[in-house]
Amino acid sequence: MVDREALLYPTVSDRDGLDEYLQDLADLLPVIERGVARLKRAPTDKEIISDIFRALHNLKGDASICRVELGVLLVHPVETLFSRMRAGEIVFSEVLAEVVLLTLDRLEMALDALAEDRAIAHLRLPVLVDGLEALAAAHGLMLETTSLQLIEDVTGFRPAAIGRTFKASAAPSAGRIAEHAAGDLRFFMGLSSLLDARSPLFKGRTGRVLRLAQETNNAAGKPVNPLQLEAAIYMHDIGMMFIPEAAWLKAGKLGADELKQLHAHPDHGAGLLARMPGWGEAARMVREHHEMPDGKGYPAGLKGEQICEGARIIAIVDAFESITTKHAQRGQGRSVLRAIAEINASDKQFDPVWIQHFNGVVRKRLEAA
């Protein structure tokens with residue numbers, strides 16, 4: 001019987017053990033995720049299945065040694081799935097891959113929250129573990145239906161178009177706007193293209209973020225000036241170009257000095273916009289796009305209604321893009337489903353009203369796909 005209290009309100013009995021397990025997790029998660037990516041291409045490869053099984057077994061064993069009960073509870077049923085695959089009882093599939101990756105995401109999010117003394121009840125871990133245990137005992141067609149139901153129960157989304165990448169459209173025409181504004185937008189877009197070129201992972205990034213921001217704003221009835229929003233999207237991360245690349249292209253955990261440099265980038269970008277006539281609204285969006293409703297964002301620690309609407313949109317779509325980039329770095333491509341799930345689980349980071357508009361946009365895209 002699953003200990004639901006341990007999944008909803010876990011306690012840290014060994015802080016050093018938790019820190020050690022977080023490091024183990026950081027080492028093993030990329031190994032498992034790369035293995036899943038390989039298995040998608042060769043779903044019956046017993047060697048890959050065995051490699052993933054061993055990594056999961058180590059992850060569960062480390063959790064037990066470090067006294068991190070959450071790790072045991074979440075990893076054990078996934079390990080059972082791969083044990084059955086090794087035995088030839090079940091066959092790996094695309095939807096099983098999503099279940100595995102969703103579980104790993106939830107484990108990572110839960111432990112990060114636990115390390116920072118934040119609640120995890122919103123992650124729906126009891127629902128996840130119940131579904132995983134049902135899945136570990138399922139056969140035949142029940143594997144597919146149980147997997148789909150589990151994903152929907154945990155995330156709120158039916159994965160009808162798993163793993164599809166959203167395509168960015170071209171930036172909208174300047175149309176009848178004033179000539180100087182059109183020129184400014186072309187300049188801003190050119191700067192954003194230079195930023196996108198800094199890493200292969202950023203290719204097409206601004207276009208994707210712009211399209212999502214525009215559609216989310218449209219879904220809410222365009223409360224944010226579309227031109228100001230477009231300028232802010234182009235410029236929201238331009239401040240990164242004024243800090244060392246080590247502070248924002250680094251794959252691992254940032255040090256205190258690097259974090260301080262990173263937290264300055266909204267002010268850099270906003271400062272540029274604020275010095276150009278007519279872009280005051282966009283400057284505010286850029287400055288506030290890393291603020292959070294609970295006041296734990298940066299650079300000013302604004303709360304709730306102090307954060308402008310445009311910044312709230314950018315916070316969501318920028319995080320969505322960052323999450324899919326993180327998955328791409330781990331060899332998984334841009335997983336839409338996982339990014340949606342993570343956005344919706346971050347209840348303190350984003351405006352819940354704008355999350356609903358964003359969800360509506362995503363659902364329409366998935367249905368269209």
# chains A, B, ... in the order shown; residues from 1 in each chain; ligands from 1
call {"tool": "residues_around", "arguments": {"residues": "stretch 306-323 of chain A", "least_positions_apart": "6", "cutoff": "6 Å", "atoms": "only C-alpha atoms", "output": "list in words"}}
result
Val209, Val224, Met285, Glu288, His289 and Ala339 of chain A
call {"tool": "write_last_selection", "arguments": {"atoms": "C-alpha atoms", "output": "PDB file, in the first residue's frame"}}
result
ATOM      1  CA  VAL A 209       8.117  32.274 -28.170  1.00  0.00           C
ATOM      2  CA  VAL A 224      -1.739  43.634 -23.967  1.00  0.00           C
ATOM      3  CA  MET A 285       7.464  43.802 -19.731  1.00  0.00           C
ATOM      4  CA  GLU A 288       9.369  42.216 -15.020  1.00  0.00           C
ATOM      5  CA  HIS A 289       9.275  38.956 -16.983  1.00  0.00           C
ATOM      6  CA  ALA A 339       6.773  21.166 -20.816  1.00  0.00           C
TER       7      ALA A 339
END
call {"tool": "residues_around", "arguments": {"residues": "stretch 280-283 of chain A", "least_positions_apart": "4", "cutoff": "12 Å", "atoms": "only C-alpha atoms", "output": "PDB file with C-alpha atoms, in the first residue's frame"}}
result
ATOM      1  CA  LEU A 185      10.882  46.190 -34.657  1.00  0.00           C
ATOM      2  CA  PHE A 188      14.840  44.363 -32.299  1.00  0.00           C
ATOM      3  CA  VAL A 224      -1.739  43.634 -23.967  1.00  0.00           C
ATOM      4  CA  ASN A 225      -0.729  45.971 -26.817  1.00  0.00           C
ATOM      5  CA  PRO A 226       0.415  43.539 -29.574  1.00  0.00           C
ATOM      6  CA  LEU A 227       3.222  45.788 -30.848  1.00  0.00           C
ATOM      7  CA  GLN A 228       4.616  46.361 -27.368  1.00  0.00           C
ATOM      8  CA  LEU A 229       4.407  42.618 -26.691  1.00  0.00           C
ATOM      9  CA  GLU A 230       6.221  41.827 -29.945  1.00  0.00           C
ATOM     10  CA  ALA A 231       9.034  44.251 -29.095  1.00  0.00           C
ATOM     11  CA  ALA A 232       9.294  42.792 -25.584  1.00  0.00           C
ATOM     12  CA  ILE A 233       9.558  39.246 -26.942  1.00  0.00           C
ATOM     13  CA  TYR A 234      12.421  40.250 -29.224  1.00  0.00           C
ATOM     14  CA  MET A 235      14.215  42.060 -26.394  1.00  0.00           C
ATOM     15  CA  HIS A 236      13.356  40.120 -23.235  1.00  0.00           C
ATOM     16  CA  ASP A 237      16.658  38.204 -23.159  1.00  0.00           C
ATOM     17  CA  ILE A 238      18.895  40.643 -25.008  1.00  0.00           C
ATOM     18  CA  GLY A 239      20.436  41.560 -21.664  1.00  0.00           C
ATOM     19  CA  PRO A 266      16.146  41.979 -17.438  1.00  0.00           C
ATOM     20  CA  ASP A 267      17.375  45.427 -16.372  1.00  0.00           C
ATOM     21  CA  HIS A 268      19.926  45.491 -19.203  1.00  0.00           C
ATOM     22  CA  GLY A 269      17.315  44.741 -21.865  1.00  0.00           C
ATOM     23  CA  ALA A 270      14.710  47.051 -20.348  1.00  0.00           C
ATOM     24  CA  GLY A 271      17.263  49.846 -20.112  1.00  0.00           C
ATOM     25  CA  LEU A 272      17.859  49.713 -23.848  1.00  0.00           C
ATOM     26  CA  LEU A 273      14.136  49.818 -24.663  1.00  0.00           C
ATOM     27  CA  ALA A 274      13.428  52.587 -22.153  1.00  0.00           C
ATOM     28  CA  ARG A 275      15.871  54.861 -23.977  1.00  0.00           C
ATOM     29  CA  MET A 276      13.978  54.519 -27.250  1.00  0.00           C
ATOM     30  CA  ARG A 287      12.102  44.245 -16.768  1.00  0.00           C
ATOM     31  CA  GLU A 288       9.369  42.216 -15.020  1.00  0.00           C
ATOM     32  CA  HIS A 289       9.275  38.956 -16.983  1.00  0.00           C
ATOM     33  CA  ILE A 307       3.636  42.671 -12.355  1.00  0.00           C
ATOM     34  CA  CYS A 308       2.299  43.906 -15.700  1.00  0.00           C
ATOM     35  CA  GLU A 309       0.152  41.642 -17.867  1.00  0.00           C
ATOM     36  CA  GLY A 310       2.673  41.417 -20.707  1.00  0.00           C
ATOM     37  CA  ALA A 311       5.400  40.231 -18.344  1.00  0.00           C
ATOM     38  CA  ILE A 314       6.313  36.277 -21.337  1.00  0.00           C
TER      39      ILE A 314
END
call {"tool": "closest_residue", "arguments": {"among": "A:Val361, A:Ala119, A:Ala138, A:Ile32", "to": "A:Lys348", "atoms": "only C-alpha atoms"}}
result
A:Ala119
call {"tool": "residues_around", "arguments": {"residues": "A:Thr146", "least_positions_apart": "4", "cutoff": "8 Å", "atoms": "only C-alpha atoms", "output": "number ranges by chain"}}
result
A: 131, 134-135, 138, 142, 150
call {"tool": "write_last_selection", "arguments": {"atoms": "C-alpha atoms", "output": "short mmCIF file (atom, residue, chain, number, x, y, z; two decimals), in the first residue's frame"}}
result
data_model
loop_
_atom_site.label_atom_id
_atom_site.label_comp_id
_atom_site.auth_asym_id
_atom_site.auth_seq_id
_atom_site.Cartn_x
_atom_site.Cartn_y
_atom_site.Cartn_z
CA GLY A 131 -1.21 4.96 -12.12
CA ALA A 134 -1.58 -0.13 -12.28
CA LEU A 135 0.62 0.18 -15.35
CA ALA A 138 -1.08 -4.15 -17.10
CA MET A 142 -4.42 -2.06 -21.24
CA LEU A 150 -2.28 8.22 -16.21
#
call {"tool": "select_by_dssp", "arguments": {"residues": "stretch 52-299 of chain A", "states": "helix (DSSP H, G or I)", "output": "JSON, numbers by chain"}}
result
{"A": [52, 53, 54, 55, 56, 57, 58, 59, 60, 61, 62, 63, 64, 65, 69, 70, 71, 72, 73, 74, 75, 76, 77, 78, 79, 80, 81, 82, 83, 84, 85, 86, 94, 95, 96, 97, 98, 99, 100, 101, 102, 103, 104, 105, 106, 107, 108, 109, 110, 111, 112, 113, 114, 115, 121, 122, 123, 125, 126, 127, 128, 129, 130, 131, 132, 133, 134, 135, 136, 141, 142, 143, 144, 145, 146, 147, 148, 149, 150, 151, 152, 153, 154, 155, 179, 180, 181, 182, 183, 184, 185, 186, 187, 188, 189, 190, 191, 192, 193, 194, 195, 196, 200, 201, 202, 205, 206, 207, 208, 209, 210, 211, 212, 213, 214, 215, 216, 217, 218, 219, 226, 227, 228, 229, 230, 231, 232, 233, 234, 235, 238, 239, 240, 241, 242, 245, 246, 247, 256, 257, 258, 259, 260, 261, 262, 265, 266, 267, 268, 269, 270, 271, 272, 273, 274, 280, 281, 282, 283, 284, 285, 286, 287, 288]}
call {"tool": "closest_atom_pairs", "arguments": {"of": "stretch 110-142 of chain A", "to": "stretch 5-14 of chain A", "cutoff": "12 Å", "atoms": "only C-alpha atoms", "output": "Markdown table"}}
result
| residue | atom | partner | partner_atom | distance |
| --- | --- | --- | --- | --- |
| A:Ala110 | CA | A:Leu7 | CA | 9.3 |
| A:Leu111 | CA | A:Pro10 | CA | 9.8 |
| A:Ala113 | CA | A:Pro10 | CA | 10.6 |
| A:Leu114 | CA | A:Val12 | CA | 7.6 |
| A:Ala115 | CA | A:Val12 | CA | 8.3 |
| A:Glu116 | CA | A:Val12 | CA | 10.8 |
| A:Asp117 | CA | A:Val12 | CA | 9.2 |
| A:Arg118 | CA | A:Tyr9 | CA | 10.0 |
| A:Ala119 | CA | A:Tyr9 | CA | 7.3 |
| A:Ile120 | CA | A:Leu8 | CA | 6.3 |
| A:Ala121 | CA | A:Leu8 | CA | 4.9 |
| A:His122 | CA | A:Leu8 | CA | 8.5 |
| A:Leu123 | CA | A:Leu8 | CA | 8.6 |
| A:Arg124 | CA | A:Leu8 | CA | 7.9 |
| A:Leu125 | CA | A:Leu7 | CA | 5.8 |
| A:Pro126 | CA | A:Leu7 | CA | 6.0 |
| A:Val127 | CA | A:Leu7 | CA | 9.6 |
| A:Leu128 | CA | A:Leu7 | CA | 9.8 |
| A:Val129 | CA | A:Leu7 | CA | 8.8 |
| A:Asp130 | CA | A:Leu7 | CA | 11.0 |
call {"tool": "write_last_selection", "arguments": {"atoms": "C-alpha atoms", "output": "short mmCIF file (atom, residue, chain, number, x, y, z; two decimals), in the first residue's frame"}}
result
data_model
loop_
_atom_site.label_atom_id
_atom_site.label_comp_id
_atom_site.auth_asym_id
_atom_site.auth_seq_id
_atom_site.Cartn_x
_atom_site.Cartn_y
_atom_site.Cartn_z
CA ALA A 110 9.48 17.22 -6.07
CA LEU A 111 13.02 16.88 -4.75
CA ALA A 113 10.90 21.65 -3.91
CA LEU A 114 11.74 19.49 -0.91
CA ALA A 115 15.29 20.87 -0.82
CA GLU A 116 13.83 24.40 -0.69
CA ASP A 117 11.10 23.57 1.88
CA ARG A 118 8.29 24.10 -0.64
CA ALA A 119 5.05 22.14 -0.82
CA ILE A 120 4.60 19.37 -3.42
CA ALA A 121 0.93 18.45 -3.04
CA HIS A 122 0.12 20.15 -6.38
CA LEU A 123 2.37 17.67 -8.24
CA ARG A 124 -0.30 14.94 -7.81
CA LEU A 125 2.26 12.30 -6.85
CA PRO A 126 -0.27 9.89 -5.28
CA VAL A 127 -2.20 9.89 -8.57
CA LEU A 128 1.05 9.31 -10.46
CA VAL A 129 2.17 6.41 -8.27
CA ASP A 130 -1.28 4.78 -8.32
#
call {"tool": "residues_around", "arguments": {"residues": "A:Ser93", "least_positions_apart": "4", "cutoff": "9 Å", "atoms": "only C-alpha atoms", "output": "list in words"}}
result
Leu39, Lys40, Pro43, Ala97, Glu98 and Glu144 of chain A
call {"tool": "closest_residue", "arguments": {"among": "A:Arg106, A:Gln149, A:Pro200, A:Val91", "to": "A:Leu70", "atoms": "only C-alpha atoms"}}
result
A:Arg106
call {"tool": "closest_residue", "arguments": {"among": "A:Ala181, A:Leu194, A:Leu201, A:Ala256", "to": "A:Pro277", "atoms": "only C-alpha atoms"}}
result
A:Ala181
call {"tool": "atom_distance", "arguments": {"atom1": "atom CA of A:Asp351", "atom2": "atom CA of A:Lys253"}}
result
26.2 Å
